[in-house]
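Working notes, structure below.
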2 protein chains.
Amino acid sequence: MLWAREPEVAEAVNEQHENPMFLDGFQLAAGLQATTSLPDALDGAEAVVMAVPSPYFRSVFREVAVLLDPTTPVISLVKGIEPGTCMRMTEVVADESDHDPSLVGVLSGPNLAREVMSGQPAASVIALADDGWARSLQVRLTSQTFRVYTNPDVIGCEISGAVKNVIAIAAGIADGLGFGINTKAALITRGLAELTRLGTSIGGQALTFLGLAGNGDLVATCTSPNSRNHRVGVELAMGRSTQAIVDGMHMVAEGIKATPGVLALAERANVEMPIVREVSAVIEGRSSAVDAVDRLMGREPRGELDGVRARR
Amino acid sequence: MLWAREPEVAEAVNEQHENPMFLDGFQLAAGLQATTSLPDALDGAEAVVMAVPSPYFRSVFREVAVLLDPTTPVISLVKGIEPGTCMRMTEVVADESDHDPSLVGVLSGPNLAREVMSGQPAASVIALADDGWARSLQVRLTSQTFRVYTNPDVIGCEISGAVKNVIAIAAGIADGLGFGINTKAALITRGLAELTRLGTSIGGQALTFLGLAGNGDLVATCTSPNSRNHRVGVELAMGRSTQAIVDGMHMVAEGIKATPGVLALAERANVEMPIVREVSAVIEGRSSAVDAVDRLMGREPRGELDGVRARR
């Protein structure tokens, strides 16, 4: 049972088994129903999957929480942090309900919706502390083209989604400056190091960042040629201002919105994120892309794993 | 001081400051000299960097070893294992000399030579147990366009180079079957899990695989559209036989040669490497690419980090 805000979405799902507004051209499962009523959607729910964008997640979940038994698992698909509070969605759930924390988790990975719907092989990870529920959801969500792994580390799997779009802007800048495979692979890997430093400082496990929600989603986002974040980076490298770039797009690229929040989290955790910092400087017009690259390459010598806390 | 097997290479380096046979079109440093004499090359050497392909590494190093003080660091650039013995190059060094093991290491990372020579930003990792020498070499090898990190884990940094080309064939197969970003990112990430399982089983540290020699080089190899391994995968997906593919290429793709050795290492270490196993089945004509994908997607449910030994 799908809950939709827009009546026309619910109607199209129920009557044509399609979602023309958000996923045009694909046939949905015949058994899928939709409603605009939260009480109807949640009636008898064994588990709840939240796919509400981060700015609206709290207000919708507040309505969900009063209708829900606190022993019902809540899984977030949202890759981002709440504007203002810099909270992850599972933190918002904890903030707004008495849910058992072991029943609040995420499903995350390199899962572009159109490719999943096309039946291309994809993999994802369900992160939930309760092992019984994690395995149960793993089996229910797995199909011959969508393979789900488990990982008990919710924080590690959740934090990557907020940072990856910022690194994707850096990858776009590298492409815009005419750099090739070496530079892209170094940016992804050192971006992953920043992500791992941040994630382990707030309680995530370092090895999670090797996985599908960490490295997998980062690789997908940084190598996807059609992503808005990539385009922003390419245009920043060409010297265009962020305002001019945003004015030319229908939607603001997630990475532009995420950068201040990620920097705030890094400062709060006292973690170095040099790539994120340079992306921020270029976005805000405080530096050219070329100067940002020079500063990154001219940093003092380091160990590869400096600042990563291994606790597993 | 460069040692070259071919007199014409030594001559071109000394007289034109070029290496037309292996790196056409680039000007080499004016101070670089070359010789075909090992005693001349090693006379007064503070450190030795070995860049001899794996099948010939042992025979050349045997000649090097008798000329070398055992306190001189030896760094391997070779990404592969010795045919027959399945040894890493640092194992061959240990086998053929009394070198202090803390002075034998590798330099590895996403470092396509032509991009490095073009001055594009690149990063690499020097792995050597002796911290003083590691830092000294780090500083000497770093430039404004080539950034070197340190990592004490030689085994972890070295093993990746042998496995990455096999995963690159799998990535080529995925492209050849028409799959997109999700599939590629999942293959890279689950390939990295196989690499990490193998590496930690032979003494490598799990977090090394997050780094430049692990994930960085794997991402570069799997996303490089011009690599021979990728082309092999694409053609295997189209149903061509390995023999027909090899006959059409000037050189055998590294991944084809590496697959039996990697499987042998995995069996010896009792480690599961399902992607490598399926690549082997397709290379040997025992399975179609489509059936291999189906078997990978139909495996029993797993945890993301199953089989990874964390010791750091």
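Numbering starts fresh at 1 for the residues of each chain in the structure tokens, the chains themselves are lettered A, B, ... in the order given, and ligands are numbered from 1 as they appear.
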Which residues of chain B have any atom within 7 Å of an atom in chain A when counting only C-alpha atoms, and what is the closest pair of atoms for each, with the distance in Å to one decimal? Order the rows by chain and rising number and write it as a tab-separated table.
residue	atom	partner	partner_atom	distance
B:Pro110	CA	A:Asn182	CA	5.2
B:Asn111	CA	A:Asn182	CA	5.7
B:Leu112	CA	A:Asn182	CA	6.4
B:Glu115	CA	A:Asn182	CA	6.9
B:Gln120	CA	A:Phe179	CA	5.9
B:Pro121	CA	A:Thr183	CA	5.4
B:Ala122	CA	A:Thr183	CA	5.2
B:Ala123	CA	A:Ala186	CA	5.7
B:Gln144	CA	A:Met297	CA	5.9
B:Thr145	CA	A:Met297	CA	6.5
B:Arg147	CA	A:Met297	CA	6.3
B:Tyr149	CA	A:Gly303	CA	5.1
B:Thr150	CA	A:Gly303	CA	4.5
B:Asn151	CA	A:Glu304	CA	5.9
B:Phe179	CA	A:Gln120	CA	5.9
B:Gly180	CA	A:Glu115	CA	7.0
B:Ile181	CA	A:Ala220	CA	5.7
B:Asn182	CA	A:Pro110	CA	5.2
B:Thr183	CA	A:Ala122	CA	5.2
B:Ala185	CA	A:Gly216	CA	5.2
B:Ala186	CA	A:Ala123	CA	5.7
B:Thr189	CA	A:Gly216	CA	5.4
B:Leu207	CA	A:Leu207	CA	6.6
B:Leu210	CA	A:Leu210	CA	5.8
B:Gly211	CA	A:Thr189	CA	6.1
B:Leu212	CA	A:Thr189	CA	6.2
B:Asn215	CA	A:Thr189	CA	6.6
B:Gly216	CA	A:Ala185	CA	5.2
B:Val219	CA	A:Ala185	CA	5.9
B:Ala220	CA	A:Ala185	CA	5.4
B:Ser224	CA	A:Ile181	CA	6.5
B:Met297	CA	A:Gln144	CA	5.9
B:Gly298	CA	A:Gln144	CA	6.0
B:Pro301	CA	A:Tyr149	CA	6.6
B:Arg302	CA	A:Tyr149	CA	5.5
B:Gly303	CA	A:Thr150	CA	4.5
B:Glu304	CA	A:Tyr149	CA	5.4
B:Arg312	CA	A:Ala310	CA	7.0
| request: Run DSSP on the backbone of this structure and report the residues of stretch 70-219 of chain A it assigns to strand (DSSP E or B), as a ChimeraX atom specification. | output: /A:74-76,104-108,122-127,143,146-151
| query | Among stretch 49-196 of chain B, which residues carry a DSSP assignment of helix (DSSP H, G or I), reported as number ranges by chain? | reply | B: 54-65, 89-96, 101-103, 113-117, 131-141, 154-176, 181-196
| said: Taking 3 positions as the minimum chain separation for residues in the same chain, which residues sit within 9 Å of stretch 244-254 of chain B when counting only C-alpha atoms? Answer as JSON, numbers by chain. | reply: {"B": [80, 162, 165, 166, 227, 228, 229, 230, 231, 232, 235, 236, 240, 241, 257, 258, 259]}
| query | By how many Å are atom CA of B:Ala10 and atom CA of B:Gln33 apart? | reply |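 Taking atom CA of B:Ala10 as the start and atom CA of B:Gln33 as the end point, the length is 7.8 Å.
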| said: At a cut-off of 8 Å, using only C-alpha atoms, what residues contact B:Leu28? Leave out same-chain residues fewer than 2 positions from it and give the result as a PyMOL selection string. | reply: chain B and resi 13+17-19+26+30+32
| field | Exercise: stretch 260-267 of chain B partners within 8 Å, only C-alpha atoms, chain neighbours under 4 positions left out, as an MDAnalysis selection string | value | chainID B and resid 81 83:84 86 162:163 198 271:273 276:277 280
Store the residues picked out above, limited to N, CA and C atoms, as a PDB file, in the first residue's frame.
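Saved file result_34.pdb follows:
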ATOM      1  N   ILE B  81      50.254 -11.353  -9.836  1.00  0.00           N
ATOM      2  CA  ILE B  81      50.905 -12.397  -9.055  1.00  0.00           C
ATOM      3  C   ILE B  81      51.746 -13.241 -10.002  1.00  0.00           C
ATOM      4  N   PRO B  83      52.983 -16.109 -12.135  1.00  0.00           N
ATOM      5  CA  PRO B  83      52.346 -17.304 -12.689  1.00  0.00           C
ATOM      6  C   PRO B  83      52.945 -18.564 -12.050  1.00  0.00           C
ATOM      7  N   GLY B  84      52.108 -19.521 -11.760  1.00  0.00           N
ATOM      8  CA  GLY B  84      52.600 -20.782 -11.192  1.00  0.00           C
ATOM      9  C   GLY B  84      52.634 -20.768  -9.674  1.00  0.00           C
ATOM     10  N   CYS B  86      51.701 -18.200  -7.705  1.00  0.00           N
ATOM     11  CA  CYS B  86      50.679 -17.298  -7.149  1.00  0.00           C
ATOM     12  C   CYS B  86      51.261 -16.382  -6.072  1.00  0.00           C
ATOM     13  N   ALA B 162      46.140  -7.637  -8.345  1.00  0.00           N
ATOM     14  CA  ALA B 162      45.964  -8.907  -9.062  1.00  0.00           C
ATOM     15  C   ALA B 162      44.495  -9.191  -9.347  1.00  0.00           C
ATOM     16  N   VAL B 163      43.614  -8.722  -8.465  1.00  0.00           N
ATOM     17  CA  VAL B 163      42.197  -9.100  -8.568  1.00  0.00           C
ATOM     18  C   VAL B 163      41.398  -8.110  -9.413  1.00  0.00           C
ATOM     19  N   LEU B 198      39.466 -11.909   0.452  1.00  0.00           N
ATOM     20  CA  LEU B 198      40.727 -12.579   0.114  1.00  0.00           C
ATOM     21  C   LEU B 198      41.892 -11.903   0.842  1.00  0.00           C
ATOM     22  N   VAL B 271      38.156 -18.895   0.701  1.00  0.00           N
ATOM     23  CA  VAL B 271      37.392 -17.656   0.639  1.00  0.00           C
ATOM     24  C   VAL B 271      36.447 -17.723  -0.554  1.00  0.00           C
ATOM     25  N   GLU B 272      35.210 -17.261  -0.348  1.00  0.00           N
ATOM     26  CA  GLU B 272      34.231 -17.221  -1.435  1.00  0.00           C
ATOM     27  C   GLU B 272      34.469 -16.022  -2.336  1.00  0.00           C
ATOM     28  N   MET B 273      34.597 -16.238  -3.635  1.00  0.00           N
ATOM     29  CA  MET B 273      34.714 -15.133  -4.600  1.00  0.00           C
ATOM     30  C   MET B 273      33.767 -15.422  -5.764  1.00  0.00           C
ATOM     31  N   VAL B 276      34.426 -13.625  -9.241  1.00  0.00           N
ATOM     32  CA  VAL B 276      35.612 -14.183  -9.912  1.00  0.00           C
ATOM     33  C   VAL B 276      35.296 -15.570 -10.475  1.00  0.00           C
ATOM     34  N   ARG B 277      34.548 -16.358  -9.699  1.00  0.00           N
ATOM     35  CA  ARG B 277      34.202 -17.703 -10.145  1.00  0.00           C
ATOM     36  C   ARG B 277      33.359 -17.656 -11.417  1.00  0.00           C
ATOM     37  N   SER B 280      35.384 -16.648 -14.411  1.00  0.00           N
ATOM     38  CA  SER B 280      36.151 -17.808 -14.864  1.00  0.00           C
ATOM     39  C   SER B 280      35.279 -18.739 -15.706  1.00  0.00           C
TER      40      SER B 280
END
Contacts of B:Arg58 within 12 Å, only C-alpha atoms, excl. fewer than 5 positions in-chain, as a PDB file with C-alpha atoms, in the first residue's frame:
ATOM      1  CA  MET B  50      60.913  -2.570  -9.482  1.00  0.00           C
ATOM      2  CA  ALA B  51      58.628  -2.237 -12.516  1.00  0.00           C
ATOM      3  CA  VAL B  52      59.290  -5.593 -14.193  1.00  0.00           C
ATOM      4  CA  PRO B  53      56.191  -7.583 -15.301  1.00  0.00           C
ATOM      5  CA  GLU B  63      70.270 -10.348 -10.493  1.00  0.00           C
ATOM      6  CA  VAL B  64      69.350  -7.216  -8.538  1.00  0.00           C
ATOM      7  CA  ALA B  65      69.575  -8.934  -5.159  1.00  0.00           C
ATOM      8  CA  SER B  76      57.320  -2.899  -6.375  1.00  0.00           C
ATOM      9  CA  VAL B  78      53.820  -4.561 -10.258  1.00  0.00           C
ATOM     10  CA  ILE B  81      50.905 -12.397  -9.055  1.00  0.00           C
ATOM     11  CA  GLU B  82      53.671 -14.677 -10.272  1.00  0.00           C
ATOM     12  CA  PRO B  83      52.346 -17.304 -12.689  1.00  0.00           C
ATOM     13  CA  THR B  85      53.537 -19.846  -7.615  1.00  0.00           C
ATOM     14  CA  MET B  87      53.153 -15.216  -5.132  1.00  0.00           C
ATOM     15  CA  ARG B  88      52.934 -11.462  -4.736  1.00  0.00           C
ATOM     16  CA  MET B  89      56.092  -9.609  -5.826  1.00  0.00           C
ATOM     17  CA  THR B  90      57.094  -8.753  -2.257  1.00  0.00           C
ATOM     18  CA  GLU B  91      56.928 -12.490  -1.535  1.00  0.00           C
ATOM     19  CA  VAL B  92      59.232 -13.110  -4.484  1.00  0.00           C
ATOM     20  CA  VAL B  93      61.654 -10.526  -3.043  1.00  0.00           C
ATOM     21  CA  ALA B  94      61.581 -12.318   0.314  1.00  0.00           C
ATOM     22  CA  ASP B  95      62.065 -15.616  -1.486  1.00  0.00           C
ATOM     23  CA  GLU B  96      65.115 -14.415  -3.412  1.00  0.00           C
ATOM     24  CA  SER B  97      66.956 -12.249  -0.857  1.00  0.00           C
TER      25      SER B  97
END
| query | Residues at most 8 Å from A:Val282, counting only C-alpha atoms, excluding those fewer than 6 positions away in the same chain, as a PyMOL selection string? | reply | chain A and resi 236+288-289+292
Save the residues we just selected, N, CA and C atoms, as an mmCIF file, in the first residue's frame?
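Saved result, selection_30.cif, follows:
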data_model
loop_
_atom_site.group_PDB
_atom_site.id
_atom_site.type_symbol
_atom_site.label_atom_id
_atom_site.label_comp_id
_atom_site.auth_asym_id
_atom_site.auth_seq_id
_atom_site.Cartn_x
_atom_site.Cartn_y
_atom_site.Cartn_z
ATOM 1 N N LEU A 236 30.499 24.736 -12.912
ATOM 2 C CA LEU A 236 31.355 25.489 -11.986
ATOM 3 C C LEU A 236 32.793 25.523 -12.522
ATOM 4 N N SER A 288 38.179 29.800 -7.452
ATOM 5 C CA SER A 288 38.009 29.145 -8.753
ATOM 6 C C SER A 288 38.212 27.642 -8.570
ATOM 7 N N ALA A 289 37.730 26.876 -9.532
ATOM 8 C CA ALA A 289 37.902 25.418 -9.471
ATOM 9 C C ALA A 289 39.382 25.048 -9.525
ATOM 10 N N ALA A 292 41.054 25.562 -6.240
ATOM 11 C CA ALA A 292 40.605 24.544 -5.278
ATOM 12 C C ALA A 292 41.391 23.250 -5.467
#
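When only C-alpha atoms are used to measure the gap to A:Gly255, the shortest distance among A:Val279, A:Gly191, A:Gly307, A:Val49 belongs to A:Val279.
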| Of the candidates A:Ile155, A:Val9, A:Val234, A:Ile169, which shows the shortest atom-to-atom distance to A:Ala129, using only C-alpha atoms? |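 Checking each of A:Ile155, A:Val9, A:Val234, A:Ile169 against A:Ala129, counting only C-alpha atoms, the winner is A:Ile155.
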